[in-house]
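Structure file entry02.txt with compact mmCIF, C-alpha atoms:
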# COMPACT_ATOMS: atom_id res chain seq x y z
CA MET Z 1 -5.18 19.96 -12.74
CA ILE Z 2 -2.74 17.46 -11.22
CA GLU Z 3 -3.53 18.84 -7.76
CA LEU Z 4 -7.27 18.28 -8.28
CA LEU Z 5 -6.72 14.78 -9.67
CA LEU Z 6 -4.56 13.79 -6.73
CA ARG Z 7 -6.99 15.21 -4.19
CA LEU Z 8 -9.83 13.27 -5.80
CA LEU Z 9 -7.70 10.13 -5.89
CA CYS Z 10 -6.66 10.43 -2.24
CA ALA Z 11 -10.22 11.09 -1.14
CA GLY Z 12 -11.49 8.17 -3.22
CA LEU Z 13 -8.85 5.75 -1.94
CA PHE Z 14 -9.42 6.83 1.65
CA ILE Z 15 -13.19 6.45 1.36
CA LEU Z 16 -12.88 3.03 -0.30
CA GLY Z 17 -10.45 1.94 2.42
CA ALA Z 18 -12.81 3.14 5.13
CA ALA Z 19 -15.68 1.35 3.38
CA PHE Z 20 -13.56 -1.82 3.39
CA LEU Z 21 -13.10 -1.49 7.15
CA VAL Z 22 -16.79 -0.90 7.78
CA ARG Z 23 -18.39 -3.28 5.32
CA ARG Z 24 -16.11 -6.33 5.24
CA ARG Z 25 -16.03 -8.63 8.24
CA GLU Z 26 -12.93 -10.73 7.39
CA LEU Z 27 -9.85 -9.53 9.23
CA LEU Z 28 -7.58 -9.79 6.18
CA ALA Z 29 -9.97 -7.68 4.12
CA MET Z 30 -9.96 -5.12 6.91
CA LEU Z 31 -6.15 -5.08 6.79
CA ILE Z 32 -6.32 -4.47 3.03
CA GLY Z 33 -8.67 -1.53 3.65
CA LEU Z 34 -6.28 -0.14 6.23
CA GLU Z 35 -3.41 -0.32 3.73
CA LEU Z 36 -5.53 1.57 1.19
CA MET Z 37 -6.17 4.32 3.73
CA ILE Z 38 -2.49 4.59 4.67
CA ASN Z 39 -1.53 4.84 1.01
CA ALA Z 40 -4.06 7.59 0.38
CA ALA Z 41 -2.72 9.62 3.29
CA ASN Z 42 0.89 9.01 2.28
CA LEU Z 43 0.22 10.10 -1.29
CA MET Z 44 -1.18 13.39 -0.02
CA ILE Z 45 1.82 13.87 2.29
CA VAL Z 46 4.24 13.32 -0.61
CA ARG Z 47 2.31 15.60 -2.95
CA THR Z 48 2.23 18.41 -0.38
CA ALA Z 49 5.92 17.97 0.50
CA LEU Z 50 6.97 18.07 -3.15
CA ALA Z 51 4.75 21.06 -3.93
CA ARG Z 52 6.24 23.03 -1.02
CA GLY Z 53 9.78 21.76 -1.51
CA ASP Z 54 9.74 20.42 2.03
CA ALA Z 55 12.18 17.60 2.80
CA HIS Z 56 10.58 17.06 6.24
CA GLY Z 57 7.40 15.88 4.53
CA LEU Z 58 9.31 13.37 2.41
CA ALA Z 59 11.07 12.07 5.53
CA ALA Z 60 7.68 11.69 7.21
CA ALA Z 61 6.38 9.78 4.18
CA LEU Z 62 9.35 7.42 4.32
CA ILE Z 63 8.78 6.78 8.03
CA VAL Z 64 5.07 6.18 7.37
CA ILE Z 65 5.99 3.55 4.74
CA ALA Z 66 8.29 1.77 7.23
CA ALA Z 67 5.75 1.97 10.06
CA ALA Z 68 3.03 0.66 7.73
CA ALA Z 69 5.24 -2.31 6.87
CA ALA Z 70 5.68 -3.09 10.56
CA GLU Z 71 1.93 -2.66 11.16
CA ALA Z 72 1.09 -5.04 8.32
CA ALA Z 73 3.57 -7.64 9.60
CA VAL Z 74 2.13 -7.53 13.13
CA GLY Z 75 -1.42 -7.52 11.73
CA VAL Z 76 -0.80 -10.61 9.61
CA ALA Z 77 0.84 -12.39 12.56
CA LEU Z 78 -2.16 -11.60 14.78
CA ILE Z 79 -4.62 -12.71 12.11
CA LEU Z 80 -2.76 -16.01 11.62
CA ALA Z 81 -2.80 -16.55 15.38
CA LEU Z 82 -6.55 -15.86 15.47
CA TYR Z 83 -7.16 -18.31 12.62
CA ARG Z 84 -5.61 -20.98 14.82
CA ASP Z 85 -8.16 -20.35 17.58
CA PHE Z 86 -11.24 -19.53 15.48
CA ALA Z 87 -12.26 -21.38 12.33
CA GLU Z 88 -13.40 -18.23 10.57
CA PRO Z 89 -12.52 -15.25 12.72
CA GLU Z 90 -14.61 -12.18 12.08
CA ALA Z 91 -14.31 -8.82 13.74
CA GLU Z 92 -17.37 -9.28 15.97
CA GLU Z 93 -16.25 -12.66 17.32
CA ILE Z 94 -13.05 -11.39 18.89
CA ARG Z 95 -14.13 -9.79 22.13
CA GLU Z 96 -11.43 -10.62 24.63
CA LEU Z 97 -7.72 -11.28 24.82
CA GLN Z 98 -6.37 -14.50 26.29
CA GLY Z 99 -3.33 -14.40 28.53
CA MET N 100 1.94 14.34 -21.00
CA VAL N 101 2.71 14.09 -17.29
CA THR N 102 -0.81 15.29 -16.45
CA LEU N 103 -2.27 12.62 -18.73
CA ALA N 104 -0.08 9.94 -17.12
CA VAL N 105 -1.14 11.11 -13.63
CA ALA N 106 -4.78 11.02 -14.70
CA VAL N 107 -4.44 7.49 -16.10
CA CYS N 108 -2.68 6.29 -12.93
CA ALA N 109 -5.31 7.95 -10.73
CA VAL N 110 -8.23 6.42 -12.63
CA ALA N 111 -6.54 3.00 -12.66
CA ALA N 112 -5.83 3.21 -8.92
CA LEU N 113 -9.45 4.12 -8.16
CA ALA N 114 -10.72 1.35 -10.46
CA SER N 115 -8.42 -1.19 -8.78
CA ALA N 116 -9.56 -0.09 -5.33
CA GLY N 117 -13.18 -0.34 -6.47
CA LEU N 118 -12.56 -3.86 -7.84
CA ALA N 119 -10.95 -4.80 -4.53
CA PHE N 120 -13.96 -3.50 -2.62
CA PHE N 121 -16.56 -5.27 -4.71
CA SER N 122 -14.65 -8.53 -5.03
CA LYS N 123 -15.80 -11.20 -2.58
CA ASN N 124 -12.64 -13.24 -3.06
CA LEU N 125 -9.74 -12.35 -0.76
CA TYR N 126 -7.18 -13.31 -3.40
CA SER N 127 -8.75 -10.89 -5.86
CA SER N 128 -8.80 -8.15 -3.25
CA ALA N 129 -5.12 -8.76 -2.47
CA PHE N 130 -4.14 -8.59 -6.14
CA CYS N 131 -6.22 -5.43 -6.59
CA LEU N 132 -4.34 -3.93 -3.64
CA LEU N 133 -1.11 -4.84 -5.42
CA ALA N 134 -2.34 -2.89 -8.49
CA VAL N 135 -3.18 0.13 -6.29
CA LEU N 136 0.26 0.01 -4.67
CA LEU N 137 1.94 -0.17 -8.07
CA GLN N 138 -0.02 2.85 -9.29
CA VAL N 139 0.77 4.84 -6.16
CA ALA N 140 4.46 4.06 -6.72
CA LEU N 141 4.15 5.27 -10.33
CA LEU N 142 2.48 8.45 -9.04
CA PHE N 143 5.35 9.05 -6.60
CA CYS N 144 7.78 8.77 -9.52
CA LEU N 145 5.65 11.01 -11.74
CA LEU N 146 5.48 13.65 -9.01
CA GLY N 147 9.27 13.65 -8.90
CA SER N 148 10.18 11.42 -5.94
CA THR N 149 11.74 8.39 -7.60
CA LEU N 150 13.28 7.19 -4.33
CA LEU N 151 9.93 7.00 -2.54
CA GLY N 152 8.40 5.31 -5.58
CA LEU N 153 11.07 2.62 -5.55
CA LEU N 154 10.74 2.19 -1.77
CA GLN N 155 6.99 1.91 -2.16
CA LEU N 156 7.51 -0.90 -4.66
CA LEU N 157 10.12 -2.65 -2.52
CA VAL N 158 8.38 -2.38 0.83
CA TYR N 159 4.74 -2.69 -0.19
CA ALA N 160 4.74 -4.78 -3.36
CA GLY N 161 7.79 -6.77 -2.28
CA GLY N 162 7.14 -7.15 1.43
CA ILE N 163 3.61 -6.45 2.55
CA MET N 164 1.95 -8.05 -0.45
CA VAL N 165 3.96 -11.25 -0.01
CA LEU N 166 2.82 -11.36 3.62
CA ILE N 167 -0.82 -10.74 2.73
CA VAL N 168 -0.88 -13.27 -0.12
CA ALA N 169 0.88 -15.83 2.13
CA ALA N 170 -1.71 -15.19 4.85
CA VAL N 171 -4.58 -15.57 2.37
CA THR N 172 -2.99 -18.80 1.16
CA ALA N 173 -2.69 -20.06 4.73
CA VAL N 174 -6.28 -19.29 5.66
CA GLY N 175 -7.91 -19.36 2.22
CA PRO N 176 -9.30 -22.89 2.01
CA GLU N 177 -11.01 -22.53 5.40
CA SER N 178 -12.50 -19.15 4.68
CA GLY N 179 -15.95 -19.12 3.18
CA ASN N 180 -15.15 -16.11 1.09
CA ALA N 181 -12.06 -17.59 -0.51
CA LYS N 182 -13.53 -20.73 -1.98
CA ALA N 183 -12.28 -19.95 -5.47
CA LEU N 184 -8.51 -19.80 -5.17
CA GLY N 185 -7.32 -16.99 -7.38
CA PRO N 186 -9.16 -14.33 -9.34
CA SER N 187 -11.42 -15.22 -12.25
CA ARG N 188 -10.02 -14.92 -15.75
CA ALA N 189 -11.90 -11.70 -16.55
CA HIS N 190 -10.80 -10.22 -13.24
CA ALA N 191 -7.18 -11.17 -13.93
CA TRP N 192 -7.25 -9.58 -17.38
CA ALA N 193 -8.83 -6.41 -15.99
CA LEU N 194 -6.12 -6.22 -13.33
CA LEU N 195 -3.39 -6.81 -15.89
CA ALA N 196 -4.77 -3.97 -18.02
CA LEU N 197 -5.04 -1.73 -14.95
CA CYS N 198 -1.35 -2.35 -14.26
CA ALA N 199 -0.02 -2.31 -17.83
CA VAL N 200 -1.76 0.82 -19.18
CA PRO N 201 -0.58 3.23 -16.42
CA THR N 202 2.93 1.73 -16.62
CA ALA N 203 3.02 2.37 -20.37
CA PHE N 204 1.86 5.97 -19.85
CA PHE N 205 4.43 6.37 -17.09
CA LEU N 206 7.26 5.16 -19.32
CA ILE N 207 6.20 7.56 -22.08
CA ALA N 208 5.83 10.47 -19.63
CA ALA N 209 9.17 9.72 -17.93
CA ARG N 210 10.98 10.62 -21.14
CA HIS N 211 9.24 14.00 -21.27
CA CYS N 212 9.67 14.95 -17.59
CA ALA N 213 13.31 13.88 -17.24
CA PRO N 214 14.69 17.49 -17.30
CA SER N 215 12.48 18.51 -14.34
CA LEU N 216 13.89 15.84 -12.01
CA PRO N 217 16.99 17.55 -10.47
CA PRO N 218 15.06 19.74 -7.93
CA ALA N 219 13.29 16.65 -6.60
CA ALA N 220 16.61 14.83 -6.43
CA MET N 221 18.00 17.66 -4.30
CA LEU N 222 14.96 17.37 -2.05
CA GLU N 223 15.61 13.65 -1.64
CA LYS N 224 19.19 14.39 -0.65
CA SER N 225 17.91 16.79 1.98
CA MET N 226 15.48 14.11 3.17
CA ALA N 227 18.32 11.58 3.54
CA ARG N 228 20.34 14.15 5.48
CA LEU N 229 17.36 14.79 7.78
CA LEU N 230 16.77 11.09 8.38
CA PHE N 231 20.34 10.49 9.50
CA ASN N 232 20.81 13.70 11.48
CA GLU N 233 17.72 15.40 12.87
CA TYR N 234 15.47 12.31 12.80
CA ALA N 235 18.19 9.73 13.48
CA LEU N 236 16.54 8.50 16.68
CA LEU N 237 13.16 8.18 14.95
CA THR N 238 14.77 6.30 12.05
CA GLU N 239 16.41 3.90 14.50
CA ALA N 240 13.11 3.42 16.35
CA VAL N 241 11.24 2.63 13.14
CA GLY N 242 14.00 0.21 12.09
CA LEU N 243 13.69 -1.53 15.46
CA LEU N 244 9.90 -1.66 15.06
CA VAL N 245 10.25 -3.34 11.65
CA LEU N 246 12.73 -5.83 13.11
CA VAL N 247 10.41 -6.72 16.01
CA ALA N 248 7.46 -7.04 13.61
CA SER N 249 9.47 -9.37 11.34
CA LEU N 250 10.43 -11.48 14.35
CA SER N 251 6.77 -11.70 15.41
CA VAL N 252 5.83 -13.05 11.96
CA LEU N 253 8.71 -15.55 12.07
CA LYS N 254 7.66 -16.72 15.54
CA GLU N 255 4.06 -17.04 14.40
CA GLN N 256 5.06 -19.17 11.41
CA HIS N 257 7.36 -21.26 13.65
CA ASP N 258 4.50 -21.97 16.10

Please, can you express the file's structure as structure tokens?
Amino acid sequence: MIELLLRLLCAGLFILGAAFLVRRRELLAMLIGLELMINAANLMIVRTALARGDAHGLAAALIVIAAAAAEAAVGVALILALYRDFAEPEAEEIRELQG
Amino acid sequence: MVTLAVAVCAVAALASAGLAFFSKNLYSSAFCLLAVLLQVALLFCLLGSTLLGLLQLLVYAGGIMVLIVAAVTAVGPESGNAKALGPSRAHAWALLALCAVPTAFFLIAARHCAPSLPPAAMLEKSMARLLFNEYALLTEAVGLLVLVASLSVLKEQHD
């Protein structure tokens, strides 16, 4: 029962996160969607690791959490930099990098 | 009892994610994400990995959410979708309920599942041993990545 619930939850969170990425145009909203997707995947990793008694899976989950923190920090820094150049940056407007 | 608590957390997490998706206000979406992160942390604890649950709270709710809310605050007034600063009252109450109800179920279930925790604690010890032996280089690399990312945010705020 718990297994089914968690699978449904992970699938739901992942789909909602993907929908965020596809439907919303604001960069911060896209970052929020990305975090939802990472959390869904991480929850499944932890569940599988605990069910199998596998410490490697838990270590992977911990590394994913740390990497997601770094990704969010870089993402927010990039978005803030883009807000300086564009009044309302949306995903379609950013087509090229400036050196 | 644990199954019920997991079900409540799962439903609350999905409802929070749905609220985040349908909300047009970035602040509301950010706070909904906070609710999802809290419920995922509760689920980690309910599944038996208290350490990962606490780290989830510290890193996500304590670190990432502060960054996201600060970014929304910085760009909010200029963004057309963040005209109303902060969620509406009904939205705030719904979010509060979505956080409080699973937490209450978690606290009740934690009393019942306390005897089943030692195997998970052993697994966490093995995980710590792996991180500082077999995966030591990877752990160092991720730590360096977090440091560089923090420096990039600091530089961005300085500029």

Based on all atoms listed in the file, which of the residues in chain Z come within 7 Å of chain N? I want them as a list of chain:residue names.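 Only these qualify: Z:Ile2, Z:Leu5, Z:Leu9, Z:Gly12, Z:Leu13, Z:Leu16, Z:Phe20, Z:Ala29, Z:Ile32, Z:Gly53, Z:Ala55, Z:His56, Z:Leu58, Z:Ala59, Z:Leu62, Z:Ala66, Z:Ala67, Z:Ala69, Z:Ala70, Z:Ala72, Z:Ala73, Z:Val74, Z:Val76, Z:Ala77, Z:Leu80, Z:Ala81, Z:Glu88.
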
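CA of Ala220 in chain N is found 18.4 Å from CA of Asn232 in chain N.
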
Atomic distance CA of Leu78 in chain Z - CA of Leu34 in chain Z, expressed in Å with one decimal: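 Distance between the two atoms: 14.9 Å.
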
How many Å lie between CA of Leu36 in chain Z and CA of Phe14 in chain Z, rounded to one decimal?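 Computed distance, CA of Leu36 in chain Z to CA of Phe14 in chain Z, equals 6.6 Å.
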
Range 43-48 of chain Z: which residues within 7 Å, counting all atoms listed in the file, same-chain residues fewer than 6 positions away excluded, as JSON, numbers by chain? {"Z": [10, 57, 58, 61]}

Give me the residues within 6 Å of range 195-200 of chain N as number ranges by chain, counting all atoms listed in the file and dropping any in the same chain fewer than 3 places off. N: 111, 134, 192, 203
